[in-house]
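input_1.cif, holding mmCIF, C-alpha atoms:
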```cif
data_my_file
#
loop_
_atom_site.label_atom_id
_atom_site.label_comp_id
_atom_site.auth_asym_id
_atom_site.auth_seq_id
_atom_site.Cartn_x
_atom_site.Cartn_y
_atom_site.Cartn_z
CA MET A 1 14.16 -15.20 -18.62
CA SER A 2 13.34 -14.85 -22.30
CA ALA A 3 12.07 -11.68 -23.91
CA GLN A 4 8.76 -13.43 -24.59
CA ALA A 5 8.26 -14.18 -20.91
CA LEU A 6 8.89 -10.53 -20.00
CA ARG A 7 6.09 -9.18 -22.14
CA ILE A 8 3.09 -7.94 -20.23
CA PRO A 9 0.46 -8.83 -22.87
CA ARG A 10 -0.96 -12.32 -22.33
CA ARG A 11 -4.23 -13.64 -23.71
CA GLY A 12 -5.18 -10.16 -24.88
CA PHE A 13 -4.30 -8.54 -21.55
CA GLY A 14 -1.84 -5.77 -22.38
CA ARG A 15 -0.11 -2.72 -20.98
CA GLY A 16 -3.22 -0.64 -21.53
CA GLN A 17 -5.25 -2.84 -19.21
CA VAL A 18 -2.52 -2.78 -16.55
CA ARG A 19 -2.35 1.00 -16.69
CA ALA A 20 -6.14 1.23 -16.56
CA VAL A 21 -6.27 -0.86 -13.36
CA ALA A 22 -3.49 1.22 -11.79
CA GLY A 23 -5.16 4.47 -12.84
CA CYS A 24 -8.51 3.37 -11.42
CA TYR A 25 -6.86 2.52 -8.12
CA PHE A 26 -5.22 5.95 -8.09
CA VAL A 27 -8.45 7.92 -8.54
CA ALA A 28 -10.45 5.68 -6.20
CA SER A 29 -7.91 6.01 -3.38
CA PHE A 30 -8.00 9.80 -3.31
CA ALA A 31 -10.58 10.08 -0.54
CA ALA A 32 -9.23 7.08 1.37
CA LEU A 33 -5.72 8.59 1.50
CA GLY A 34 -6.40 12.31 1.29
CA LEU A 35 -9.13 12.86 3.88
CA PRO A 36 -7.95 11.00 7.04
CA PRO A 37 -5.26 13.65 7.79
CA TYR A 38 -8.16 16.13 8.17
CA LEU A 39 -10.06 14.13 10.80
CA THR A 40 -9.13 16.74 13.40
CA GLU A 41 -11.14 19.24 11.34
CA ILE A 42 -13.99 16.86 10.54
CA LEU A 43 -14.79 15.52 14.01
CA PRO A 44 -15.64 18.87 15.68
CA GLU A 45 -18.46 19.21 13.13
CA LEU A 46 -19.82 15.88 14.40
CA GLY A 47 -19.75 16.73 18.10
CA ASP A 48 -16.23 15.63 19.05
CA ARG A 49 -15.00 19.16 19.79
CA GLN A 50 -11.48 18.13 20.81
CA ALA A 51 -11.20 15.50 18.05
CA ARG A 52 -10.28 12.95 20.70
CA TRP A 53 -11.41 10.07 18.50
CA ALA A 54 -9.22 11.07 15.55
CA GLY A 55 -6.47 8.55 16.33
CA VAL A 56 -8.90 5.66 16.72
CA LEU A 57 -10.95 6.53 13.65
CA TYR A 58 -7.78 6.93 11.59
CA ILE A 59 -7.13 3.18 11.79
CA VAL A 60 -10.76 1.95 11.73
CA PRO A 61 -10.85 1.43 7.92
CA THR A 62 -7.47 -0.29 8.09
CA VAL A 63 -8.56 -2.71 10.83
CA PHE A 64 -11.77 -3.73 9.09
CA GLY A 65 -10.04 -3.80 5.71
CA ALA A 66 -7.55 -6.30 7.14
CA LEU A 67 -10.35 -8.49 8.49
CA GLY A 68 -12.26 -8.51 5.22
CA ALA A 69 -9.41 -8.83 2.70
CA PRO A 70 -8.85 -12.63 2.89
CA LEU A 71 -12.58 -13.35 2.53
CA TRP A 72 -13.02 -11.04 -0.45
CA GLY A 73 -9.93 -12.59 -2.06
CA ARG A 74 -11.32 -16.11 -1.80
CA LEU A 75 -14.68 -14.94 -3.14
CA ALA A 76 -12.88 -13.36 -6.10
CA ASP A 77 -11.24 -16.68 -6.94
CA ARG A 78 -14.65 -18.35 -6.82
CA PHE A 79 -16.94 -15.82 -8.49
CA GLY A 80 -14.59 -13.77 -10.69
CA ARG A 81 -11.88 -11.19 -10.06
CA LYS A 82 -13.49 -8.50 -12.17
CA ARG A 83 -16.79 -8.77 -10.27
CA LEU A 84 -15.06 -8.45 -6.92
CA LEU A 85 -12.92 -5.54 -8.12
CA LEU A 86 -16.07 -3.74 -9.23
CA ARG A 87 -17.64 -4.58 -5.87
CA ALA A 88 -14.67 -2.97 -4.07
CA GLN A 89 -14.97 0.26 -6.07
CA LEU A 90 -18.74 0.47 -5.56
CA GLY A 91 -18.28 -0.34 -1.86
CA LEU A 92 -15.93 2.61 -1.52
CA ALA A 93 -18.44 4.88 -3.24
CA VAL A 94 -21.25 3.86 -0.88
CA SER A 95 -19.10 4.34 2.23
CA PHE A 96 -17.83 7.74 1.04
CA LEU A 97 -21.38 8.93 0.38
CA LEU A 98 -22.47 7.85 3.84
CA ALA A 99 -19.43 9.53 5.44
CA GLY A 100 -20.05 12.76 3.56
CA TRP A 101 -23.70 12.96 4.61
CA ALA A 102 -23.22 11.70 8.18
CA ASP A 103 -24.60 14.08 10.79
CA SER A 104 -23.32 12.28 13.89
CA LEU A 105 -20.11 10.70 15.09
CA ALA A 106 -21.81 7.28 15.23
CA THR A 107 -22.92 7.43 11.59
CA PHE A 108 -19.52 8.65 10.48
CA THR A 109 -17.88 5.76 12.35
CA VAL A 110 -20.21 3.27 10.65
CA ALA A 111 -19.20 4.76 7.29
CA LEU A 112 -15.50 4.23 8.08
CA VAL A 113 -16.21 0.65 9.14
CA LEU A 114 -18.01 0.07 5.83
CA GLN A 115 -15.10 1.67 3.99
CA GLY A 116 -12.83 -0.99 5.44
CA ILE A 117 -15.20 -3.91 4.95
CA LEU A 118 -16.51 -3.00 1.49
CA GLY A 119 -13.32 -1.46 0.07
CA GLY A 120 -10.09 -3.35 -0.42
CA THR A 121 -9.43 -1.99 -3.91
CA PHE A 122 -5.67 -2.57 -3.69
CA ALA A 123 -5.92 -6.28 -2.91
CA ALA A 124 -8.76 -6.68 -5.44
CA SER A 125 -6.70 -4.94 -8.14
CA ASN A 126 -3.65 -7.10 -7.41
CA GLY A 127 -5.79 -10.24 -7.50
CA TYR A 128 -7.21 -9.17 -10.86
CA LEU A 129 -3.71 -8.60 -12.27
CA GLY A 130 -2.44 -11.84 -10.71
CA ALA A 131 -5.05 -13.82 -12.61
CA ALA A 132 -3.79 -12.55 -15.98
CA LEU A 133 -0.04 -12.12 -15.46
CA GLU A 134 2.86 -13.95 -13.87
CA GLY A 135 6.57 -13.63 -13.25
CA ALA A 136 8.32 -10.40 -14.23
CA ALA A 137 5.19 -9.11 -15.97
CA LEU A 138 3.19 -9.41 -12.75
CA SER A 139 5.91 -7.94 -10.53
CA LYS A 140 6.22 -4.97 -12.89
CA ALA A 141 2.45 -4.48 -12.75
CA LEU A 142 2.53 -4.65 -8.93
CA THR A 143 5.34 -2.07 -8.95
CA LEU A 144 3.11 0.19 -11.03
CA MET A 145 0.27 -0.33 -8.56
CA GLN A 146 2.52 0.78 -5.71
CA GLY A 147 3.39 3.83 -7.79
CA SER A 148 -0.31 4.67 -7.95
CA ALA A 149 -0.53 4.37 -4.17
CA ARG A 150 2.52 6.62 -3.66
CA ALA A 151 1.21 9.23 -6.10
CA ALA A 152 -2.17 9.32 -4.37
CA LEU A 153 -0.49 9.56 -0.96
CA VAL A 154 1.47 12.60 -2.15
CA LEU A 155 -1.21 14.41 -4.15
CA ALA A 156 -4.48 13.63 -2.38
CA PRO A 157 -3.87 15.64 0.84
CA ILE A 158 -2.78 18.62 -1.27
CA VAL A 159 -5.95 18.49 -3.38
CA VAL A 160 -8.18 18.08 -0.32
CA GLY A 161 -6.48 21.01 1.38
CA SER A 162 -6.91 23.17 -1.73
CA LEU A 163 -10.62 22.35 -1.93
CA SER A 164 -11.24 22.96 1.77
CA GLY A 165 -11.63 26.69 1.17
CA TRP A 166 -14.80 25.95 -0.81
CA LEU A 167 -16.01 22.71 0.72
CA SER A 168 -15.25 21.25 4.15
CA PRO A 169 -13.23 18.02 4.23
CA HIS A 170 -16.27 16.33 5.79
CA ARG A 171 -18.48 17.08 2.78
CA GLN A 172 -15.66 16.25 0.39
CA TYR A 173 -16.23 12.58 1.22
CA ALA A 174 -19.53 12.79 -0.66
CA LEU A 175 -17.99 14.74 -3.53
CA LEU A 176 -15.07 12.36 -3.93
CA ALA A 177 -17.43 9.35 -4.04
CA VAL A 178 -17.68 10.13 -7.74
CA LEU A 179 -14.09 8.90 -8.18
CA PRO A 180 -14.63 5.21 -7.31
CA LEU A 181 -17.88 5.35 -9.26
CA THR A 182 -15.94 6.58 -12.30
CA ALA A 183 -13.33 3.89 -11.72
CA ALA A 184 -16.05 1.22 -11.64
CA LEU A 185 -17.41 2.42 -14.99
CA LEU A 186 -13.95 2.28 -16.55
CA LEU A 187 -13.20 -1.15 -15.10
CA ALA A 188 -16.51 -2.51 -16.42
CA ALA A 189 -15.03 -2.24 -19.92
CA LEU A 190 -12.04 -4.45 -19.08
CA PRO A 191 -12.08 -8.21 -19.73
CA GLU A 192 -12.35 -10.89 -17.08
CA PRO A 193 -8.72 -12.06 -16.79
CA GLN A 194 -7.82 -15.56 -17.81
CA THR A 195 -5.34 -17.55 -15.74
CA ALA A 196 -1.84 -17.09 -17.08
CA GLU A 197 -0.18 -20.16 -18.55
CA ARG A 198 3.41 -20.94 -17.66
CA GLN A 199 5.98 -21.12 -20.40
CA ARG A 200 6.84 -24.76 -19.58
CA SER A 201 8.56 -25.33 -22.90
CA GLU A 202 11.23 -22.73 -22.09
CA PRO A 203 14.29 -23.81 -20.10
CA GLU A 204 14.62 -22.37 -16.63
CA THR A 205 17.13 -19.54 -16.59
CA ALA A 206 19.36 -18.26 -13.85
CA GLY A 207 16.90 -15.54 -12.91
CA GLU A 208 14.09 -18.06 -12.39
CA ALA A 209 16.36 -20.46 -10.51
CA ASN A 210 17.04 -17.97 -7.71
CA PRO A 211 15.75 -19.19 -4.34
CA VAL A 212 12.35 -17.87 -3.29
CA VAL A 213 10.68 -17.41 0.08
CA SER A 214 7.67 -19.28 1.38
CA LEU A 215 4.29 -17.61 1.76
CA LYS A 216 4.73 -17.44 5.54
CA VAL A 217 8.03 -15.63 5.15
CA LEU A 218 6.52 -13.29 2.56
CA TYR A 219 3.71 -12.40 4.96
CA ALA A 220 6.21 -11.81 7.79
CA LEU A 221 8.38 -9.59 5.58
CA GLU A 222 5.33 -7.62 4.44
CA PHE A 223 4.27 -7.04 8.05
CA ALA A 224 7.79 -5.99 9.08
CA PHE A 225 8.19 -3.65 6.11
CA VAL A 226 4.87 -1.88 6.62
CA PHE A 227 5.44 -1.62 10.37
CA SER A 228 8.95 -0.16 10.06
CA THR A 229 7.93 2.46 7.48
CA VAL A 230 4.43 3.45 8.58
CA VAL A 231 5.42 3.87 12.25
CA SER A 232 7.25 7.07 11.26
CA PHE A 233 4.26 8.69 9.51
CA PRO A 234 1.93 9.98 12.26
CA TYR A 235 4.39 12.14 14.20
CA LEU A 236 6.83 13.19 11.49
CA ILE A 237 5.49 16.75 11.29
CA ALA A 238 5.87 17.13 15.06
CA LEU A 239 9.46 15.83 14.81
CA VAL A 240 10.26 18.32 12.05
CA GLU A 241 8.87 21.16 14.16
CA GLU A 242 10.98 20.03 17.12
CA ARG A 243 14.22 19.78 15.14
CA VAL A 244 13.77 22.78 12.82
CA PRO A 245 11.48 25.29 14.57
CA GLY A 246 9.58 27.60 12.28
CA THR A 247 9.37 25.15 9.37
CA SER A 248 6.36 26.04 7.22
CA PRO A 249 3.54 23.50 6.79
CA ALA A 250 4.27 23.38 3.06
CA LEU A 251 7.92 22.47 3.63
CA SER A 252 6.93 19.89 6.24
CA GLY A 253 4.61 18.37 3.65
CA VAL A 254 7.43 18.19 1.13
CA LEU A 255 9.64 16.43 3.68
CA PHE A 256 6.82 13.94 4.33
CA ALA A 257 6.44 13.29 0.61
CA LEU A 258 10.15 12.93 -0.28
CA PRO A 259 10.43 9.12 0.19
CA HIS A 260 7.34 8.56 -1.93
CA LEU A 261 8.69 10.87 -4.63
CA VAL A 262 11.89 8.79 -4.69
CA TYR A 263 9.72 5.74 -5.43
CA LEU A 264 7.86 7.49 -8.23
CA VAL A 265 11.03 8.47 -10.09
CA SER A 266 13.06 5.29 -9.57
CA ALA A 267 10.78 2.27 -9.05
CA LEU A 268 10.90 0.90 -12.60
CA ALA A 269 14.69 1.23 -12.76
CA VAL A 270 14.98 -0.57 -9.42
CA HIS A 271 12.66 -3.31 -10.71
CA ALA A 272 14.91 -3.85 -13.73
CA ALA A 273 17.99 -4.02 -11.50
CA PHE A 274 16.64 -6.34 -8.79
CA ARG A 275 13.96 -8.51 -10.39
CA ASP A 276 16.40 -11.44 -10.49
CA ARG A 277 17.80 -10.86 -6.96
CA PRO A 278 14.92 -9.66 -4.82
CA ARG A 279 16.24 -10.98 -1.50
CA ALA A 280 19.45 -8.97 -1.85
CA GLY A 281 17.44 -5.89 -2.77
CA LEU A 282 15.08 -6.41 0.16
CA ALA A 283 17.95 -6.76 2.64
CA LEU A 284 19.52 -3.59 1.23
CA GLY A 285 16.15 -1.86 1.45
CA PHE A 286 15.68 -2.72 5.11
CA ALA A 287 19.24 -1.56 5.81
CA CYS A 288 18.53 1.82 4.18
CA ILE A 289 15.28 2.09 6.16
CA ALA A 290 17.13 1.34 9.41
CA LEU A 291 19.83 3.91 8.66
CA GLY A 292 17.36 6.48 7.39
CA LEU A 293 15.01 6.24 10.35
CA GLY A 294 17.92 6.11 12.79
CA GLY A 295 19.25 9.25 11.15
CA HIS A 296 15.97 11.02 11.90
CA GLY A 297 16.81 10.71 15.57
CA ALA A 298 20.10 12.58 15.09
CA ALA A 299 19.11 15.05 12.34
CA GLY A 300 19.15 18.61 13.63
CA SER A 301 19.00 20.71 10.47
CA LEU A 302 16.92 20.96 7.32
CA THR A 303 19.79 19.62 5.20
CA SER A 304 20.24 16.54 7.37
CA LEU A 305 16.49 15.91 7.43
CA ILE A 306 16.38 16.03 3.63
CA ALA A 307 19.29 13.58 3.47
CA VAL A 308 17.73 11.02 5.81
CA ARG A 309 14.33 11.34 4.10
CA LEU A 310 15.98 10.58 0.75
CA LEU A 311 17.79 7.60 2.27
CA LEU A 312 14.48 6.37 3.65
CA GLY A 313 13.04 6.79 0.16
CA VAL A 314 15.74 4.53 -1.27
CA GLY A 315 14.87 1.88 1.30
CA LEU A 316 11.15 2.31 0.69
CA THR A 317 11.63 1.85 -3.05
CA LEU A 318 13.87 -1.20 -2.74
CA GLY A 319 11.49 -2.80 -0.23
CA LEU A 320 8.29 -2.21 -2.17
CA VAL A 321 9.76 -3.32 -5.50
CA CYS A 322 11.43 -6.47 -4.14
CA LEU A 323 8.34 -7.45 -2.16
CA SER A 324 6.38 -7.15 -5.42
CA VAL A 325 8.86 -9.49 -7.11
CA LEU A 326 8.59 -12.02 -4.27
CA ALA A 327 4.80 -11.77 -4.28
CA ALA A 328 4.68 -12.39 -8.03
CA ASP A 329 6.88 -15.46 -7.57
CA CYS A 330 4.67 -16.80 -4.77
CA ALA A 331 1.58 -16.23 -6.92
CA LYS A 332 2.66 -18.81 -9.49
CA GLY A 333 0.33 -21.79 -9.34
CA ARG A 334 -1.92 -20.22 -6.71
CA ALA A 335 -5.36 -18.67 -6.74
CA PRO A 336 -4.34 -14.99 -6.76
CA GLY A 337 -7.38 -13.57 -5.01
CA GLY A 338 -6.86 -15.54 -1.83
CA MET A 339 -3.11 -14.96 -1.79
CA PHE A 340 -3.24 -11.21 -2.33
CA GLY A 341 -6.14 -10.93 0.10
CA SER A 342 -4.06 -12.61 2.79
CA LEU A 343 -1.05 -10.47 1.90
CA GLU A 344 -3.21 -7.37 2.33
CA PHE A 345 -4.27 -8.64 5.77
CA PHE A 346 -0.66 -8.73 6.96
CA SER A 347 0.07 -5.37 5.34
CA LYS A 348 -2.82 -3.70 7.14
CA ALA A 349 -1.97 -5.53 10.37
CA GLY A 350 1.49 -4.01 10.14
CA ALA A 351 -0.02 -0.56 9.65
CA VAL A 352 -2.30 -0.96 12.68
CA ALA A 353 0.58 -2.19 14.85
CA ALA A 354 2.68 0.73 13.63
CA GLY A 355 -0.01 3.25 14.53
CA LEU A 356 -0.37 1.83 18.03
CA ALA A 357 3.41 1.70 18.54
CA ALA A 358 3.82 5.26 17.28
CA ALA A 359 1.14 6.57 19.62
CA ALA A 360 2.55 4.73 22.64
CA GLY A 361 6.17 5.60 21.87
CA SER A 362 5.48 9.25 21.19
CA ALA A 363 3.41 9.65 24.36
CA ARG A 364 6.17 8.09 26.46
CA PHE A 365 9.37 9.36 24.83
CA GLY A 366 8.43 12.15 22.40
CA PRO A 367 8.11 12.48 18.59
CA ALA A 368 11.53 10.92 17.90
CA ALA A 369 10.47 7.58 19.41
CA PRO A 370 8.46 6.28 16.39
CA VAL A 371 11.34 6.69 13.93
CA LEU A 372 13.72 4.94 16.31
CA ILE A 373 11.23 2.10 16.82
CA GLY A 374 10.91 1.72 13.06
CA GLY A 375 14.67 1.83 12.59
CA ALA A 376 15.18 -0.90 15.19
CA ALA A 377 12.50 -3.11 13.57
CA ALA A 378 14.11 -2.66 10.14
CA ALA A 379 17.58 -3.48 11.51
CA VAL A 380 16.30 -6.72 13.04
CA THR A 381 14.60 -7.63 9.76
CA VAL A 382 17.85 -7.12 7.83
CA LEU A 383 19.40 -9.90 9.89
CA ALA A 384 16.33 -12.13 9.48
CA THR A 385 16.32 -11.57 5.70
CA LEU A 386 19.91 -12.81 5.46
CA LEU A 387 19.26 -16.03 7.42
CA PRO A 388 20.26 -19.16 5.46
CA THR A 389 16.77 -20.61 5.93
CA LEU A 390 15.45 -17.99 3.53
CA ASN A 391 17.78 -19.26 0.83
CA HIS A 392 15.93 -22.52 0.39
CA ARG A 393 12.91 -22.94 -1.81
CA THR A 394 10.03 -24.28 0.25
CA ARG A 395 7.22 -26.36 -1.10
CA ARG A 396 4.09 -24.28 -1.53
CA SER A 397 0.89 -25.27 0.17
CA ARG A 398 -2.27 -24.12 -1.45
#
```

So, in terms of structure tokens, how does the structure I just supplied come out?
Amino acid sequence: MSAQALRIPRRGFGRGQVRAVAGCYFVASFAALGLPPYLTEILPELGDRQARWAGVLYIVPTVFGALGAPLWGRLADRFGRKRLLLRAQLGLAVSFLLAGWADSLATFTVALVLQGILGGTFAASNGYLGAALEGAALSKALTLMQGSARAALVLAPIVVGSLSGWLSPHRQYALLAVLPLTAALLLAALPEPQTAERQRSEPETAGEANPVVSLKVLYALEFAFVFSTVVSFPYLIALVEERVPGTSPALSGVLFALPHLVYLVSALAVHAAFRDRPRAGLALGFACIALGLGGHGAAGSLTSLIAVRLLLGVGLTLGLVCLSVLAADCAKGRAPGGMFGSLEFFSKAGAVAAGLAAAAGSARFGPAAPVLIGGAAAAVTVLATLLPTLNHRTRRSR
């Protein structure tokens, strides 16, 4: 691929705009990612004294976000990606305000439903970027977007916990509504992206000639990746307590964050190394996830837990980066809103399935079950990724 094709700027859409979109997603996702871990503290204020509905309400925004993402993506292609991205940010603000001022469990539940239906900032942001960029420029932008998600996942719970001494997590929903509002104001200054034009005059290089996967395969890989990684999230702290009794909450939080920190420090380097061989990187990523999660089942000391968390982080980084490369390749010649909306549906479906599997597995076999389930799913996907059928370029259907 030529140096010209690798440049992010296209039709006046430069690195500054990409960073602005990623930054807006970061600030807008603070409440969405930082407050759900505190549902067990929020629900008693709303009448659910034992917080029995915490598990269900945790996935409510995800379920409704999955259902709404394909529709919002198609509407973005029809009415403008910038408009629908602004709509997503304002939708989050409205739902956060309602959640923060809710005085009953029913109203709070409605707010979470609206958060899922009206939100979808990640898919909307990717659709916006997909309309202006393509190829390596788009995959690098998607890698940066995942970095924003990882950073928010690490920092948001810490910030919410620090503020809880002054303001309850329940009321913080209303306070943090200012973040998507601020993001909407910043995004209003960005241009409506113009569809990227392919460099048809340039000869196809070896990097571009690599086989790609079909949309159906991409969706299946996205589902499998999200399932195998997210299934380990809900009961990790309980597993740490079981294996290393007396571990402080702060240290448990650091162990939870380690894989995401690996992504933050290495994602761009991994993108440079695997942008021309994403299938190999994805297979390696799933293998590291399988080994890392399997290692959780055997880890019995703090040192071994750190080692397997770092290995999981390597797999997480390889998977996220290579999926971004494959998604950017699939986006060529397609309406990006609809494609990224559908991709978000399968991502959220994987998260919902992971949550259900983690709850069922943990209840039946203990806190080690989710990581073993995830490891087994990743191991199976390694084999599927290496199947010869994935080597052949399939004709895209719009």

Output of the PyMOL selection byres ((chain A and resi 280) around 12), listed as a PyMOL selection string: chain A and resi 210-212+273-279+281-287+318-319+321-323+325-326+382-383+385-387+390-391

Test item: the PyMOL selection byres ((chain A and resi 54-57) around 12) resolved as a PyMOL selection string: chain A and resi 35-44+46+48-53+58-64+105-106+108-113+115-116+234-235+352+355-356+358-360

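When atom CA of A:Ala124 is paired with atom CA of A:Tyr25, their separation reads 9.8 Å.
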
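When all atoms listed in the file are used to measure the gap to A:Gly350, the shortest distance among A:Leu221, A:Ala69, A:Leu302, A:Val27 belongs to A:Leu221.
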
Output of the PyMOL selection byres ((chain A and resi 241-257) around 10), listed as JSON, numbers by chain: {"A": [150, 151, 153, 154, 155, 157, 158, 232, 233, 236, 237, 238, 239, 240, 258, 259, 260, 261, 262, 296, 297, 298, 299, 300, 301, 302, 305, 306, 308, 309, 310, 313, 366, 367, 368]}

Among the residues A:Ala174, A:Val160, A:Met339, A:Ala76, the one that comes closest to A:Tyr128 [using only C-alpha atoms]: A:Ala76

Nearest to A:Ala31, chosen from A:Ala224, A:Leu218, A:Ala269, A:Ala152, with only C-alpha atoms counted in the distances: A:Ala152

Closest of A:Val94, A:Leu293, A:Asp329, A:Leu118 to A:Val231 - atom-to-atom distances counting all atoms listed in the file: A:Leu293

Separation of atom CA of A:Leu114 from atom CA of A:Leu176 in Å: 16.0 Å

Proximity to A:Ser324 - best of A:Thr107, A:Ser95, A:Ser29, A:Gln146, all atoms listed in the file: A:Gln146

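One distance worth recording is that between atom CA of A:Ala22 and atom CA of A:Leu86, which is 13.8 Å.
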
Find the residues of stretch 75-95 of chain A that sit at most 8 Å from stretch 178-186 of chain A; for each, write down the nearest two atoms and how far apart they are in Å, to one decimal. Count all atoms listed in the file. Sort by chain, then by number going up, and give it as JSON lines.
```
{"residue": "A:Leu86", "atom": "CA", "partner": "A:Ala184", "partner_atom": "CA", "distance": 5.5}
{"residue": "A:Gln89", "atom": "CA", "partner": "A:Pro180", "partner_atom": "CA", "distance": 5.1}
{"residue": "A:Leu90", "atom": "CA", "partner": "A:Leu181", "partner_atom": "CA", "distance": 6.2}
{"residue": "A:Leu92", "atom": "CA", "partner": "A:Pro180", "partner_atom": "CA", "distance": 6.5}
{"residue": "A:Ala93", "atom": "CA", "partner": "A:Pro180", "partner_atom": "CA", "distance": 5.6}
```

Resulting file, chosen residues, C-alpha atoms, as a compact mmCIF listing (two decimals), keeping the file's coordinate frame:
```txt
# COMPACT_ATOMS: atom_id res chain seq x y z
CA LEU A 86 -16.07 -3.74 -9.23
CA GLN A 89 -14.97 0.26 -6.07
CA LEU A 90 -18.74 0.47 -5.56
CA LEU A 92 -15.93 2.61 -1.52
CA ALA A 93 -18.44 4.88 -3.24
```

A:Gly341, A:Ile289, A:Arg364, A:Gln172 ranked by distance to A:Ala102, top pick (using all atoms listed in the file): A:Gln172

10 Å contact set for A:Arg171, all atoms listed in the file, chain neighbours under 6 positions out, as a list in words: Ile42, Phe96, Leu97, Ala99, Gly100, Trp101, Ala102 and Ser164 of chain A

Within 10 Å of A:Arg78 using all atoms listed in the file, minus same-chain residues under 6 positions, as a count of residues only: 5

Which residues are close to A:Gly375, i.e. within 6 Å by all atoms listed in the file, leaving aside same-chain residues fewer than 3 positions away? Reply as a short mmCIF file (atom, residue, chain, number, x, y, z; two decimals) with C-alpha atoms, in the frame of the given file.
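Contents of around.cif, freshly written:
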```
data_model
loop_
_atom_site.label_atom_id
_atom_site.label_comp_id
_atom_site.auth_asym_id
_atom_site.auth_seq_id
_atom_site.Cartn_x
_atom_site.Cartn_y
_atom_site.Cartn_z
CA ALA A 290 17.13 1.34 9.41
CA LEU A 293 15.01 6.24 10.35
CA GLY A 294 17.92 6.11 12.79
CA LEU A 372 13.72 4.94 16.31
CA ALA A 378 14.11 -2.66 10.14
#
```

A:Val230 surroundings by only C-alpha atoms, 7 Å radius, close-in-sequence under 3 positions cut, as an MDAnalysis selection string: chainID A and resid 226:227 233 351 354

With all heavy atoms as the goal, would you fill in the gaps in stretch 257-261 of chain A and present it as a JSON list (two decimals), in the coordinates of the input?
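Output contents, as saved in selection08.json:
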```json
[["chain", "number", "residue", "atom", "x", "y", "z"],
["A", 257, "ALA", "N", 6.65, 13.92, 1.91],
["A", 257, "ALA", "CA", 6.44, 13.29, 0.61],
["A", 257, "ALA", "C", 7.73, 12.78, -0.04],
["A", 257, "ALA", "O", 7.67, 11.96, -0.95],
["A", 257, "ALA", "CB", 5.76, 14.29, -0.33],
["A", 258, "LEU", "N", 8.90, 13.25, 0.41],
["A", 258, "LEU", "CA", 10.15, 12.93, -0.28],
["A", 258, "LEU", "C", 10.36, 11.43, -0.53],
["A", 258, "LEU", "O", 10.71, 11.04, -1.66],
["A", 258, "LEU", "CB", 11.33, 13.50, 0.50],
["A", 258, "LEU", "CG", 11.78, 14.92, 0.13],
["A", 258, "LEU", "CD1", 12.99, 15.31, 0.98],
["A", 258, "LEU", "CD2", 12.11, 15.02, -1.35],
["A", 259, "PRO", "N", 10.20, 10.54, 0.47],
["A", 259, "PRO", "CA", 10.43, 9.12, 0.19],
["A", 259, "PRO", "C", 9.52, 8.56, -0.90],
["A", 259, "PRO", "O", 9.95, 7.73, -1.71],
["A", 259, "PRO", "CB", 10.15, 8.44, 1.55],
["A", 259, "PRO", "CG", 10.37, 9.51, 2.56],
["A", 259, "PRO", "CD", 9.90, 10.77, 1.90],
["A", 260, "HIS", "N", 8.28, 9.04, -0.93],
["A", 260, "HIS", "CA", 7.34, 8.56, -1.93],
["A", 260, "HIS", "C", 7.69, 9.10, -3.32],
["A", 260, "HIS", "O", 7.50, 8.43, -4.33],
["A", 260, "HIS", "CB", 5.92, 8.96, -1.54],
["A", 260, "HIS", "CG", 5.57, 8.59, -0.13],
["A", 260, "HIS", "ND1", 5.45, 7.28, 0.28],
["A", 260, "HIS", "CD2", 5.37, 9.34, 0.98],
["A", 260, "HIS", "CE1", 5.17, 7.24, 1.57],
["A", 260, "HIS", "NE2", 5.12, 8.48, 2.01],
["A", 261, "LEU", "N", 8.24, 10.32, -3.36],
["A", 261, "LEU", "CA", 8.69, 10.87, -4.63],
["A", 261, "LEU", "C", 9.88, 10.08, -5.17],
["A", 261, "LEU", "O", 10.01, 9.88, -6.38],
["A", 261, "LEU", "CB", 9.05, 12.34, -4.46],
["A", 261, "LEU", "CG", 7.89, 13.28, -4.12],
["A", 261, "LEU", "CD1", 8.39, 14.69, -3.83],
["A", 261, "LEU", "CD2", 6.86, 13.31, -5.24]]
```
